[in-house]
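*Asks:* Hey, dropping run04.csv in here, CSV, C-alpha atoms and all ligand atoms:
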```
chain,number,residue,atom,x,y,z
Q,491,MET,CA,188.6,248.7,207.5
Q,492,SER,CA,187.0,250.9,210.3
Q,493,MET,CA,185.2,254.1,209.7
Q,494,SER,CA,187.2,257.3,210.0
Q,495,SER,CA,186.3,259.5,212.9
Q,496,PRO,CA,184.5,262.8,212.1
Q,497,ALA,CA,186.2,266.0,213.3
Q,498,VAL,CA,183.4,268.3,212.5
Q,499,GLU,CA,179.7,268.1,213.5
Q,500,ILE,CA,176.6,269.3,211.7
Q,501,VAL,CA,175.0,271.0,214.7
Q,502,SER,CA,171.7,272.2,213.1
Q,503,THR,CA,170.1,272.9,209.7
Q,504,GLY,CA,167.4,275.3,208.3
Q,505,ARG,CA,165.6,275.8,205.0
Q,506,TYR,CA,163.5,278.4,203.2
Q,507,LEU,CA,161.2,277.8,200.3
Q,508,PRO,CA,159.2,280.5,198.5
Q,509,ASP,CA,155.4,280.4,199.1
Q,510,ARG,CA,154.5,280.3,195.4
Q,511,ILE,CA,153.8,276.7,194.2
Q,512,VAL,CA,154.0,276.4,190.4
Q,513,THR,CA,152.6,273.2,188.8
Q,514,ASN,CA,153.6,271.6,185.5
Q,515,ASP,CA,150.3,272.8,184.0
Q,516,ASP,CA,151.0,276.3,185.1
Q,517,LEU,CA,154.2,276.4,183.0
Q,518,ARG,CA,152.0,276.1,179.8
Q,519,GLU,CA,151.5,279.9,180.3
Q,520,PHE,CA,155.2,280.3,179.1
Q,521,VAL,CA,156.1,277.3,176.9
Q,522,ASP,CA,154.6,274.4,174.9
Q,523,THR,CA,154.8,271.6,177.5
Q,524,ASN,CA,152.7,269.2,179.4
Q,525,ASP,CA,152.5,267.5,182.8
Q,526,GLU,CA,153.0,264.0,181.4
Q,527,TRP,CA,156.3,264.9,179.6
Q,528,ILE,CA,157.7,266.7,182.6
Q,529,ARG,CA,156.7,263.9,185.1
Q,530,THR,CA,158.0,261.0,183.1
Q,531,ARG,CA,161.3,262.6,182.0
Q,532,THR,CA,162.1,264.3,185.3
Q,533,GLY,CA,159.8,263.2,188.2
Q,534,ILE,CA,159.0,266.9,188.8
Q,535,VAL,CA,155.4,267.8,189.7
Q,536,THR,CA,155.7,271.2,191.3
Q,537,ARG,CA,158.4,273.8,192.0
Q,538,ARG,CA,158.6,276.9,194.3
Q,539,LEU,CA,159.3,280.2,192.6
Q,540,ALA,CA,160.5,283.3,194.4
Q,541,ARG,CA,158.7,286.6,194.0
Q,542,GLU,CA,160.4,288.9,191.4
Q,543,ASP,CA,161.6,291.2,194.2
Q,544,GLU,CA,162.7,288.4,196.6
Q,545,LEU,CA,166.5,288.2,196.9
Q,546,ALA,CA,168.8,285.1,197.1
Q,547,ALA,CA,170.3,286.7,200.2
Q,548,GLU,CA,166.9,287.2,201.9
Q,549,MET,CA,166.1,283.5,201.3
Q,550,ALA,CA,169.5,282.6,202.7
Q,551,ALA,CA,168.8,284.8,205.8
Q,552,THR,CA,165.6,283.0,206.6
Q,553,ALA,CA,167.2,279.5,206.3
Q,554,SER,CA,170.3,280.7,208.3
Q,555,ARG,CA,168.2,282.3,211.1
Q,556,ILE,CA,166.4,279.0,211.6
Q,557,ALA,CA,169.6,277.0,211.6
Q,558,LEU,CA,171.3,279.4,214.1
Q,559,GLU,CA,168.2,279.4,216.4
Q,560,ARG,CA,168.0,275.6,216.5
Q,561,ALA,CA,171.7,275.6,217.4
Q,562,GLY,CA,171.2,278.2,220.1
Q,563,ILE,CA,174.0,280.3,218.5
Q,564,ALA,CA,173.8,284.1,218.2
Q,565,PRO,CA,174.7,285.5,214.7
Q,566,ASP,CA,177.6,287.4,216.2
Q,567,GLU,CA,179.2,284.0,217.3
Q,568,VAL,CA,179.6,283.0,213.7
Q,569,ASP,CA,183.2,283.1,212.5
Q,570,ALA,CA,182.7,282.3,208.8
Q,571,ILE,CA,179.8,282.4,206.3
Q,572,ILE,CA,180.5,280.3,203.3
Q,573,LEU,CA,177.7,280.7,200.8
Q,574,SER,CA,177.1,278.7,197.6
Q,575,THR,CA,175.1,280.2,194.8
Q,576,ALA,CA,175.0,280.2,191.0
Q,577,THR,CA,172.5,283.0,191.1
Q,578,PRO,CA,174.0,285.8,193.1
Q,579,ASP,CA,171.9,288.9,193.6
Q,580,ARG,CA,174.7,291.0,192.1
Q,581,LEU,CA,178.1,290.3,190.6
Q,582,LEU,CA,180.0,292.4,193.2
Q,583,PRO,CA,180.2,292.1,196.2
Q,584,SER,CA,179.3,288.6,197.2
Q,585,THR,CA,175.8,287.4,198.3
Q,586,ALA,CA,177.5,286.1,201.5
Q,587,CYS,CA,178.3,289.7,202.5
Q,588,ASP,CA,174.7,290.7,201.9
Q,589,LEU,CA,173.6,287.7,204.1
Q,590,GLN,CA,176.1,288.7,206.8
Q,591,ALA,CA,174.6,292.2,206.9
Q,592,LEU,CA,171.0,290.9,206.9
Q,593,ILE,CA,171.6,288.5,209.9
Q,594,ALA,CA,174.1,290.9,211.7
Q,595,ALA,CA,176.8,288.2,211.9
Q,596,ASP,CA,179.2,291.1,212.7
Q,597,ARG,CA,182.3,289.0,213.5
Q,598,ALA,CA,182.1,286.7,210.5
Q,599,MET,CA,184.2,286.7,207.4
Q,600,ALA,CA,181.9,286.0,204.4
Q,601,PHE,CA,182.4,284.8,200.9
Q,602,ASP,CA,180.7,283.0,198.0
Q,603,VAL,CA,181.6,279.7,196.5
Q,604,GLN,CA,180.6,279.1,192.8
Q,605,ALA,CA,180.5,275.4,192.0
Q,606,ALA,CA,177.0,275.3,190.6
Q,607,CYS,CA,174.9,272.4,191.9
Q,608,SER,CA,177.9,271.0,193.7
Q,609,GLY,CA,178.5,274.2,195.6
Q,610,TRP,CA,177.1,273.3,199.0
Q,611,LEU,CA,179.1,270.1,199.4
Q,612,TYR,CA,182.2,272.0,198.3
Q,613,ALA,CA,181.4,274.7,200.9
Q,614,MET,CA,180.8,272.1,203.6
Q,615,SER,CA,184.3,270.7,203.0
Q,616,MET,CA,185.7,274.3,203.2
Q,617,GLY,CA,183.9,274.8,206.5
Q,618,GLU,CA,185.2,271.5,207.7
Q,619,GLY,CA,188.7,272.6,206.8
Q,620,TYR,CA,188.5,275.9,208.7
Q,621,LEU,CA,187.2,274.1,211.8
Q,622,ALA,CA,189.6,271.2,211.7
Q,623,ALA,CA,192.5,273.5,211.3
Q,624,GLY,CA,191.4,275.5,214.4
Q,625,ARG,CA,190.8,278.7,212.3
Q,626,ALA,CA,187.2,279.0,213.3
Q,627,GLU,CA,184.8,277.8,216.1
Q,628,THR,CA,181.5,278.2,214.3
Q,629,VAL,CA,180.8,278.2,210.5
Q,630,LEU,CA,177.6,278.8,208.7
Q,631,VAL,CA,177.4,277.0,205.3
Q,632,VAL,CA,174.5,278.2,203.2
Q,633,ALA,CA,173.2,277.6,199.7
Q,634,THR,CA,170.7,279.9,198.1
Q,635,GLU,CA,169.4,279.8,194.5
Q,636,LYS,CA,167.0,282.0,192.6
Q,637,MET,CA,167.1,279.8,189.5
Q,638,SER,CA,164.0,281.6,188.1
Q,639,ALA,CA,166.2,284.7,187.6
Q,640,ILE,CA,168.6,283.0,185.1
Q,641,LEU,CA,166.1,280.7,183.3
Q,642,ASP,CA,165.1,281.4,179.7
Q,643,TRP,CA,161.3,281.2,180.1
Q,644,THR,CA,160.9,280.6,176.4
Q,645,ASP,CA,163.1,277.5,176.4
Q,646,ARG,CA,161.0,274.5,177.4
Q,647,THR,CA,164.1,272.2,177.6
Q,648,THR,CA,165.4,274.1,180.7
Q,649,CYS,CA,162.7,276.3,182.3
Q,650,VAL,CA,160.6,273.3,183.5
Q,651,LEU,CA,163.4,271.7,185.4
Q,652,PHE,CA,164.3,274.2,188.1
Q,653,GLY,CA,163.0,275.9,191.3
Q,654,ASP,CA,164.1,278.4,194.0
Q,655,GLY,CA,165.1,277.8,197.6
Q,656,SER,CA,167.7,278.0,200.3
Q,657,GLY,CA,169.3,275.7,202.9
Q,658,ALA,CA,171.8,276.2,205.7
Q,659,ALA,CA,173.8,274.3,208.2
Q,660,VAL,CA,175.8,275.3,211.3
Q,661,LEU,CA,179.2,273.4,211.7
Q,662,LYS,CA,181.3,273.1,214.8
Q,663,ARG,CA,184.2,270.8,215.9
Q,664,GLY,CA,182.6,267.7,217.5
Q,665,ASP,CA,183.7,264.9,219.9
Q,666,GLY,CA,184.4,262.5,217.1
Q,667,SER,CA,181.1,260.6,217.4
Q,668,LYS,CA,179.2,262.2,214.6
Q,669,GLY,CA,179.6,264.7,211.7
Q,670,ILE,CA,181.4,264.7,208.4
Q,671,VAL,CA,183.2,261.4,207.9
Q,672,SER,CA,184.6,261.8,204.4
Q,673,SER,CA,184.3,263.7,201.1
Q,674,PHE,CA,185.3,263.7,197.5
Q,675,HIS,CA,185.2,266.6,195.0
Q,676,ALA,CA,186.2,266.9,191.4
Q,677,SER,CA,185.8,269.2,188.4
Q,678,ASP,CA,186.2,269.1,184.6
Q,679,GLY,CA,186.4,272.6,183.1
Q,680,ARG,CA,186.8,271.2,179.6
Q,681,LEU,CA,183.1,270.6,179.6
Q,682,ALA,CA,182.1,274.0,180.8
Q,683,GLU,CA,179.8,274.7,177.9
Q,684,LEU,CA,177.5,271.9,178.5
Q,685,LEU,CA,175.7,274.1,181.1
Q,686,TRP,CA,176.5,277.8,181.0
Q,687,ARG,CA,175.6,281.4,180.5
Q,688,LYS,CA,177.1,282.7,177.3
Q,689,SER,CA,177.5,286.3,178.2
Q,690,GLY,CA,177.5,288.7,181.2
Q,691,GLY,CA,181.1,288.3,182.4
Q,692,ALA,CA,184.3,290.1,181.4
Q,693,LYS,CA,184.9,287.6,178.5
Q,694,VAL,CA,181.6,288.4,176.7
Q,695,PRO,CA,180.1,291.6,178.3
Q,696,LEU,CA,176.4,292.3,178.1
Q,697,THR,CA,175.1,294.4,175.3
Q,698,PRO,CA,171.5,295.2,174.5
Q,699,GLU,CA,171.8,292.8,171.5
Q,700,ARG,CA,173.1,290.0,173.6
Q,701,VAL,CA,170.3,290.5,176.2
Q,702,ALA,CA,167.7,290.5,173.3
Q,703,GLU,CA,169.2,287.2,172.2
Q,704,ARG,CA,168.8,285.9,175.8
Q,705,GLU,CA,172.5,285.1,175.9
Q,706,HIS,CA,172.7,286.1,179.6
Q,707,LEU,CA,170.4,283.2,180.5
Q,708,MET,CA,171.2,279.5,181.2
Q,709,LEU,CA,171.8,277.1,178.4
Q,710,MET,CA,172.1,273.3,178.8
Q,711,SER,CA,172.9,270.3,176.7
Q,712,GLY,CA,170.5,268.0,178.5
Q,713,ARG,CA,171.5,264.6,177.2
Q,714,GLU,CA,175.2,265.2,177.7
Q,715,ILE,CA,174.6,266.5,181.2
Q,716,PHE,CA,172.5,263.4,181.9
Q,717,LYS,CA,175.3,261.0,180.9
Q,718,ASN,CA,178.0,262.9,182.8
Q,719,ALA,CA,175.9,263.3,185.9
Q,720,VAL,CA,175.3,259.5,186.3
Q,721,ARG,CA,178.9,258.6,185.6
Q,722,SER,CA,180.3,261.4,187.9
Q,723,MET,CA,178.0,260.8,190.8
Q,724,ALA,CA,178.7,257.1,190.7
Q,725,GLN,CA,182.5,257.8,190.9
Q,726,ALA,CA,182.0,260.3,193.7
Q,727,CYS,CA,180.0,257.8,195.7
Q,728,ASP,CA,182.7,255.2,195.3
Q,729,GLU,CA,185.5,257.5,196.4
Q,730,ALA,CA,183.6,259.0,199.4
Q,731,LEU,CA,182.6,255.6,200.6
Q,732,GLU,CA,186.1,254.2,200.2
Q,733,ARG,CA,187.6,257.2,202.1
Q,734,ALA,CA,185.1,256.6,204.9
Q,735,GLY,CA,186.0,252.9,205.0
Q,736,LEU,CA,182.4,251.9,204.1
Q,737,THR,CA,180.4,250.3,201.3
Q,738,GLY,CA,176.9,251.0,200.0
Q,739,ASP,CA,175.6,248.3,202.4
Q,740,ASP,CA,176.6,250.4,205.4
Q,741,ILE,CA,174.5,253.4,204.2
Q,742,ASP,CA,171.2,254.0,205.9
Q,743,LEU,CA,170.1,256.9,203.7
Q,744,MET,CA,171.2,258.6,200.5
Q,745,ILE,CA,170.5,262.3,199.8
Q,746,PRO,CA,171.4,262.9,196.2
Q,747,HIS,CA,171.3,266.2,194.4
Q,748,GLN,CA,167.7,266.5,193.3
Q,749,ALA,CA,168.0,267.2,189.5
Q,750,ASN,CA,166.0,264.5,188.0
Q,751,ILE,CA,164.4,261.3,189.3
Q,752,ARG,CA,166.1,259.2,186.5
Q,753,ILE,CA,169.6,260.5,187.5
Q,754,ILE,CA,168.8,259.8,191.2
Q,755,GLU,CA,167.6,256.2,190.4
Q,756,SER,CA,170.7,255.5,188.3
Q,757,THR,CA,173.1,256.8,190.9
Q,758,ALA,CA,171.4,254.9,193.7
Q,759,LYS,CA,171.5,251.7,191.7
Q,760,TYR,CA,175.2,252.1,191.0
Q,761,ALA,CA,175.9,252.8,194.6
Q,762,GLY,CA,174.0,249.7,195.6
Q,763,ILE,CA,171.4,251.6,197.6
Q,764,PRO,CA,167.7,250.7,197.2
Q,765,MET,CA,165.3,253.5,196.4
Q,766,ASP,CA,163.5,253.1,199.7
Q,767,LYS,CA,166.7,254.4,201.3
Q,768,VAL,CA,166.9,257.4,199.0
Q,769,TYR,CA,165.5,260.8,200.0
Q,770,VAL,CA,163.5,262.4,197.1
Q,771,ASN,CA,161.9,265.8,197.0
Q,772,VAL,CA,162.6,266.7,193.3
Q,773,ASP,CA,158.8,266.0,192.7
Q,774,ARG,CA,157.9,269.0,195.0
Q,775,TYR,CA,160.8,271.4,194.3
Q,776,GLY,CA,162.4,270.6,191.0
Q,777,ASN,CA,166.2,271.3,190.8
Q,778,MET,CA,167.2,274.0,193.2
Q,779,SER,CA,170.9,273.7,192.2
Q,780,SER,CA,173.1,273.8,195.2
Q,781,ALA,CA,170.2,274.4,197.6
Q,782,SER,CA,168.7,271.0,196.8
Q,783,ILE,CA,170.9,268.9,199.2
Q,784,PRO,CA,170.7,271.2,202.3
Q,785,VAL,CA,166.9,271.6,201.9
Q,786,ALA,CA,166.5,267.8,201.6
Q,787,LEU,CA,168.9,267.2,204.6
Q,788,ASP,CA,166.8,269.7,206.7
Q,789,GLU,CA,163.6,268.0,205.7
Q,790,ALA,CA,165.0,264.5,206.4
Q,791,LEU,CA,166.1,265.6,209.9
Q,792,GLU,CA,162.9,267.4,210.7
Q,793,ASP,CA,160.5,264.6,209.5
Q,794,GLY,CA,162.5,261.9,211.3
Q,795,THR,CA,163.8,260.1,208.2
Q,796,ILE,CA,167.3,260.6,209.7
Q,797,GLU,CA,167.7,259.1,213.1
Q,798,SER,CA,170.6,259.2,215.5
Q,799,GLY,CA,173.2,256.6,214.6
Q,800,MET,CA,172.5,256.7,210.8
Q,801,LYS,CA,175.1,256.9,208.1
Q,802,VAL,CA,174.1,259.2,205.2
Q,803,LEU,CA,175.7,259.5,201.8
Q,804,SER,CA,175.1,262.6,199.7
Q,805,ALA,CA,176.2,263.0,196.1
Q,806,THR,CA,176.1,265.9,193.7
Q,807,PHE,CA,176.8,267.0,190.1
Q,808,GLY,CA,176.6,270.4,188.3
Q,809,ALA,CA,177.9,272.9,185.9
Q,810,GLY,CA,181.6,273.3,185.6
Q,811,LEU,CA,181.5,270.4,185.4
Q,812,THR,CA,181.7,269.8,189.1
Q,813,TRP,CA,180.8,266.8,191.2
Q,814,GLY,CA,181.3,265.3,194.6
Q,815,ALA,CA,180.0,263.2,197.5
Q,816,MET,CA,180.1,263.3,201.3
Q,817,VAL,CA,179.4,260.8,204.1
Q,818,TRP,CA,177.8,261.9,207.3
Q,819,GLN,CA,177.4,260.1,210.6
Q,820,PHE,CA,174.3,261.2,212.7
B,1,LIG,N1,157.8,269.6,177.3
B,1,LIG,C1,157.5,268.9,176.2
B,1,LIG,N2,158.4,268.5,175.3
B,1,LIG,C2,159.7,268.8,175.5
B,1,LIG,C3,160.1,269.5,176.6
B,1,LIG,C4,159.1,269.9,177.5
B,1,LIG,N3,159.4,270.7,178.6
B,1,LIG,N4,161.5,269.7,176.5
B,1,LIG,C5,161.9,269.0,175.5
B,1,LIG,N5,160.8,268.5,174.8
B,1,LIG,C6,160.8,267.7,173.6
B,1,LIG,C7,162.0,268.1,172.7
B,1,LIG,O1,161.8,269.2,171.9
B,1,LIG,C8,162.1,266.8,171.9
B,1,LIG,O2,161.2,266.9,170.9
B,1,LIG,P1,161.6,266.4,169.4
B,1,LIG,O3,161.9,265.0,169.5
B,1,LIG,O4,160.3,266.7,168.6
B,1,LIG,O5,162.7,267.3,169.0
B,1,LIG,C9,161.7,265.7,172.8
B,1,LIG,O6,161.0,266.3,173.9
B,1,LIG,C10,162.9,264.9,173.4
B,1,LIG,O7,163.9,265.9,173.8
B,1,LIG,P2,165.2,265.4,174.5
B,1,LIG,O8,166.0,266.7,174.9
B,1,LIG,O9,165.9,264.5,173.6
B,1,LIG,O10,164.6,264.7,175.8
B,1,LIG,P3,165.4,263.8,176.8
B,1,LIG,O11,164.7,262.5,176.9
B,1,LIG,O12,166.9,263.9,176.6
B,1,LIG,O13,165.0,264.5,178.2
B,1,LIG,C11,165.9,266.1,179.8
B,1,LIG,C12,165.4,265.9,178.4
B,1,LIG,C13,164.8,265.8,180.8
B,1,LIG,C14,166.4,267.5,180.0
B,1,LIG,C15,167.1,265.1,180.0
B,1,LIG,O14,168.0,265.2,179.0
B,1,LIG,C16,167.7,265.3,181.3
B,1,LIG,O15,167.2,265.0,182.4
B,1,LIG,N6,169.0,265.9,181.4
B,1,LIG,C17,169.6,266.2,182.6
B,1,LIG,C18,169.2,267.6,182.9
B,1,LIG,C19,169.5,267.9,184.3
B,1,LIG,O16,169.1,267.3,185.2
B,1,LIG,N7,170.3,269.0,184.4
B,1,LIG,C20,170.7,269.5,185.6
B,1,LIG,C21,171.8,268.7,186.2
B,1,LIG,S1,173.1,269.6,186.6
B,1,LIG,C22,172.5,270.7,187.6
B,1,LIG,O17,171.7,270.4,188.5
B,1,LIG,C23,172.8,272.1,187.4
```
Once you've parsed the file, please lay out its structure as structure tokens.
*Replies:*
Amino acid sequence: MSMSSPAVEIVSTGRYLPDRIVTNDDLREFVDTNDEWIRTRTGIVTRRLAREDELAAEMAATASRIALERAGIAPDEVDAIILSTATPDRLLPSTACDLQALIAADRAMAFDVQAACSGWLYAMSMGEGYLAAGRAETVLVVATEKMSAILDWTDRTTCVLFGDGSGAAVLKRGDGSKGIVSSFHASDGRLAELLWRKSGGAKVPLTPERVAEREHLMLMSGREIFKNAVRSMAQACDEALERAGLTGDDIDLMIPHQANIRIIESTAKYAGIPMDKVYVNVDRYGNMSSASIPVALDEALEDGTIESGMKVLSATFGAGLTWGAMVWQF
């Protein structure tokens, strides 16, 4: 079977990471934990945390400006901004609209996608769809996450796992030689309460009592999430590879969602991809939810890990539950 031809190209990427580097030992200020536990269970050594007054939209604006500048595209040439976040700066309107105003992308329609850690790959497929259908010429696909704002800093089972950051990509229709080759996305809403925030929406509105109980912050059933993540990412890799007409042997590099080194290793093993072909930065940044893949992609392009001609497989998993995978030709 021959590989399908990509209609949409990734023209450029950009990233932003907050300056503040927080070590595992630094976290002992908040919770009873230690470096050895965090390293062996998760592979995380440090994470970046945003300033309290730093907004998800501002982080997105920095990543987006870099991506647009590298593409040589002015903000007012962007037709659509699709922004993934599980940590919007406010509930209404979207963080995408705040980003649009910050970068003066005056012609663009702008909206948020909420698919937790899977959001950026979902958003990439939406951008691909607008371009392939001829409804847009230039699409900015961004993920921005201020996880530190929704973490319970008294819960050692979650607060040690996450970090803040943002990544962006500019998409355009290509000549068929490189770009998005295939994708697969799925969800299972029956398992919503494995990773969730109990209150803060219309169903369970915030009250002072619920805030005092920290019900507005993130809760996770770690073991169940772990099992589902490995199973789902393996399925997503299979499906995306099959749709691309490829096998794991054809893949030059894998960029998995950076949640946890053990999930990454299990997924790579299942997909038949050796760890020396897997891009890992969870040690430096922790889990940046949907920003983890675009940040890793930008780093891999910048440091030369991705070279022209390479085939790259990306796979993700997150709250929802949601999961997916995408194959790119560079
Ligand atoms: N420091 C020290 N000890 C800890 C910590 C910590 N930070 N957290 C938990 N422990 C303790 C627990 O209290 C428990 O102690 P006990 O036996 O005395 O009760 C012990 O460590 C074992 O706890 P478990 O929860 O059973 O540990 P487990 O081996 O399952 O590892 C972990 C926990 C790392 C969270 C694991 O379940 C995991 O990786 N899950 C996936 C989480 C994840 O990646 N989520 C995000 C994916 S989806 C997304 O990206 C949004």
*Asks:* Show me which residues sit within 6 Å of ligand LIG 1 (chain B) when counting all atoms listed in the file, and put them as JSON, numbers by chain.
*Replies:* {"Q": [523, 524, 527, 528, 531, 532, 607, 646, 647, 650, 712, 713, 715, 716, 749, 750, 779, 807, 808, 809]}
*Asks:* Excluding Leu736 in chain Q and its own-chain neighbours fewer than 3 positions away, which residues fall within 12 Å of it when counting all atoms listed in the file? Please give them as a list in words.
*Replies:* Met491, Ser492, Met493, Ser494, Val671, Ser672, Cys727, Asp728, Glu729, Ala730, Leu731, Glu732, Arg733, Asp739, Asp740, Ile741, Asp742, Ala761, Lys801, Val802, Leu803, Met816, Val817, Trp818 and Gln819 of chain Q
*Asks:* Just checking: using only C-alpha atoms, which residue out of Q:Ala639, Q:Val770, Q:Val785, Q:Ala633 ends up closest to His706 in chain Q?
*Replies:*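 Counting only C-alpha atoms, the residue closest to His706 in chain Q is Q:Ala639.
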*Asks:* Which residues come within 12 Å of Met710 in chain Q, counting all atoms listed in the file, excluding same-chain residues fewer than 3 positions away, as a list in words?
*Replies:* Leu641, Asp642, Asp645, Arg646, Thr647, Thr648, Cys649, Leu651, Leu681, Ala682, Glu683, Leu684, Leu685, Trp686, Arg687, Lys688, Leu707, Arg713, Glu714, Ile715, Phe716, Gly808, Ala809, Gly810 and Leu811 of chain Q
*Asks:* Skip Tyr506 in chain Q itself and residues of its chain fewer than 3 positions away, then list as a ChimeraX atom specification all residues within 9 Å of it, counting all atoms listed in the file.
*Replies:* /Q:549-554,556,634,655-658,785
*Asks:* Find the residues around Asp509 in chain Q up to 12 Å (only C-alpha atoms counted), leave out those fewer than 3 positions away in its own chain, and share them as a PyMOL selection string.
*Replies:* chain Q and resi 506+512+537-541+544+549+653-655+775
*Asks:* With C-alpha atoms retained, could you export that selection as an mmCIF file, in the coordinates of the input?
*Replies:*
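Final output, saved to again-v2.cif:
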```
data_model
loop_
_atom_site.group_PDB
_atom_site.id
_atom_site.type_symbol
_atom_site.label_atom_id
_atom_site.label_comp_id
_atom_site.auth_asym_id
_atom_site.auth_seq_id
_atom_site.Cartn_x
_atom_site.Cartn_y
_atom_site.Cartn_z
ATOM 1 C CA TYR Q 506 163.500 278.400 203.200
ATOM 2 C CA VAL Q 512 154.000 276.400 190.400
ATOM 3 C CA ARG Q 537 158.400 273.800 192.000
ATOM 4 C CA ARG Q 538 158.600 276.900 194.300
ATOM 5 C CA LEU Q 539 159.300 280.200 192.600
ATOM 6 C CA ALA Q 540 160.500 283.300 194.400
ATOM 7 C CA ARG Q 541 158.700 286.600 194.000
ATOM 8 C CA GLU Q 544 162.700 288.400 196.600
ATOM 9 C CA MET Q 549 166.100 283.500 201.300
ATOM 10 C CA GLY Q 653 163.000 275.900 191.300
ATOM 11 C CA ASP Q 654 164.100 278.400 194.000
ATOM 12 C CA GLY Q 655 165.100 277.800 197.600
ATOM 13 C CA TYR Q 775 160.800 271.400 194.300
#
```
*Asks:* Looking at all atoms listed in the file, which of Q:Glu635, Q:Met778, Q:Ile640, Q:Trp610 is the one that sits closest to Ser804 in chain Q?
*Replies:*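 Going through Q:Glu635, Q:Met778, Q:Ile640, Q:Trp610 one by one, the smallest distance to Ser804 in chain Q is for Q:Trp610.
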*Asks:* Could you give me, as number ranges by chain, the residues within 12 Å of Ala591 in chain Q, counting all atoms listed in the file and dropping anything in the same chain fewer than 2 positions from it?
*Replies:* Q: 547-548, 550-551, 565-566, 571, 584-589, 593-600
*Asks:* Can you tell me how far CA of Phe820 in chain Q sits from CA of Gly617 in chain Q, in Å to one decimal?
*Replies:*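 Calculated distance between CA of Phe820 in chain Q and CA of Gly617 in chain Q is 17.8 Å.
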*Asks:* Using Å and a single decimal, report how far CA of Leu661 in chain Q sits from CA of Val498 in chain Q.
*Replies:* 6.7 Å
*Asks:* Which one of Q:Met637, Q:Met616, Q:Ile500, Q:Ala606 sits closest to Glu542 in chain Q if you count only C-alpha atoms?
*Replies:*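 Result for the nearest residue to Glu542 in chain Q: Q:Met637.
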*Asks:* In Å, how far is it from CA of Arg774 in chain Q to CA of Val535 in chain Q?
*Replies:*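 About the pair CA of Arg774 in chain Q and CA of Val535 in chain Q: they are 6.0 Å apart.
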*Asks:* Of the candidates Q:Ala497, Q:Ile796, Q:Ala564, Q:Met765, which shows the shortest atom-to-atom distance to Glu618 in chain Q, using only C-alpha atoms?
*Replies:*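 Going through Q:Ala497, Q:Ile796, Q:Ala564, Q:Met765 one by one, the smallest distance to Glu618 in chain Q is for Q:Ala497.
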*Asks:* Smallest atom-to-atom distance to Gly735 in chain Q: which of Q:Ser677, Q:Ser495, Q:Thr795, Q:Thr577, using only C-alpha atoms?
*Replies:* Q:Ser495
*Asks:* From the options Q:Thr536, Q:Thr503, Q:Ser780, Q:Thr530, which residue's atoms come nearest to Asp516 in chain Q, counting only C-alpha atoms?
*Replies:*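 Looking at the shortest contact to Asp516 in chain Q, the residue is Q:Thr536.
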*Asks:* For a quick check of your reading of the model, name the residues lying within 10 Å of the coordinate (157.7, 284.2, 173.0), counting all atoms listed in the file, and write them as JSON, numbers by chain.
*Replies:* {"Q": [520, 521, 643, 644, 645]}
*Asks:* Can you patch up range 780-787 of chain Q, filling it in to N, CA, C and O atoms, and show the result as a PDB file, in the frame of the given file?
*Replies:*
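Done, and the output landed in part-v2.pdb:
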```
ATOM      1  N   SER Q 780     172.413 274.203 194.011  1.00  0.00           N
ATOM      2  CA  SER Q 780     173.100 273.800 195.200  1.00  0.00           C
ATOM      3  C   SER Q 780     172.287 273.819 196.484  1.00  0.00           C
ATOM      4  O   SER Q 780     172.687 273.275 197.518  1.00  0.00           O
ATOM      5  N   ALA Q 781     171.079 274.401 196.419  1.00  0.00           N
ATOM      6  CA  ALA Q 781     170.200 274.400 197.600  1.00  0.00           C
ATOM      7  C   ALA Q 781     169.498 273.063 197.788  1.00  0.00           C
ATOM      8  O   ALA Q 781     168.913 272.805 198.839  1.00  0.00           O
ATOM      9  N   SER Q 782     169.558 272.202 196.770  1.00  0.00           N
ATOM     10  CA  SER Q 782     168.700 271.000 196.800  1.00  0.00           C
ATOM     11  C   SER Q 782     169.157 270.057 197.976  1.00  0.00           C
ATOM     12  O   SER Q 782     168.307 269.521 198.686  1.00  0.00           O
ATOM     13  N   ILE Q 783     170.446 269.871 198.181  1.00  0.00           N
ATOM     14  CA  ILE Q 783     170.900 268.900 199.200  1.00  0.00           C
ATOM     15  C   ILE Q 783     170.622 269.482 200.637  1.00  0.00           C
ATOM     16  O   ILE Q 783     170.042 268.770 201.464  1.00  0.00           O
ATOM     17  N   PRO Q 784     170.990 270.733 200.953  1.00  0.00           N
ATOM     18  CA  PRO Q 784     170.700 271.200 202.300  1.00  0.00           C
ATOM     19  C   PRO Q 784     169.204 271.265 202.632  1.00  0.00           C
ATOM     20  O   PRO Q 784     168.802 271.028 203.768  1.00  0.00           O
ATOM     21  N   VAL Q 785     168.365 271.566 201.630  1.00  0.00           N
ATOM     22  CA  VAL Q 785     166.900 271.600 201.900  1.00  0.00           C
ATOM     23  C   VAL Q 785     166.452 270.125 202.172  1.00  0.00           C
ATOM     24  O   VAL Q 785     165.706 269.875 203.129  1.00  0.00           O
ATOM     25  N   ALA Q 786     166.926 269.155 201.382  1.00  0.00           N
ATOM     26  CA  ALA Q 786     166.500 267.800 201.600  1.00  0.00           C
ATOM     27  C   ALA Q 786     167.061 267.261 202.961  1.00  0.00           C
ATOM     28  O   ALA Q 786     166.356 266.561 203.687  1.00  0.00           O
ATOM     29  N   LEU Q 787     168.294 267.642 203.306  1.00  0.00           N
ATOM     30  CA  LEU Q 787     168.900 267.200 204.600  1.00  0.00           C
ATOM     31  C   LEU Q 787     168.012 267.793 205.744  1.00  0.00           C
ATOM     32  O   LEU Q 787     167.679 267.077 206.703  1.00  0.00           O
TER      33      LEU Q 787
END
```
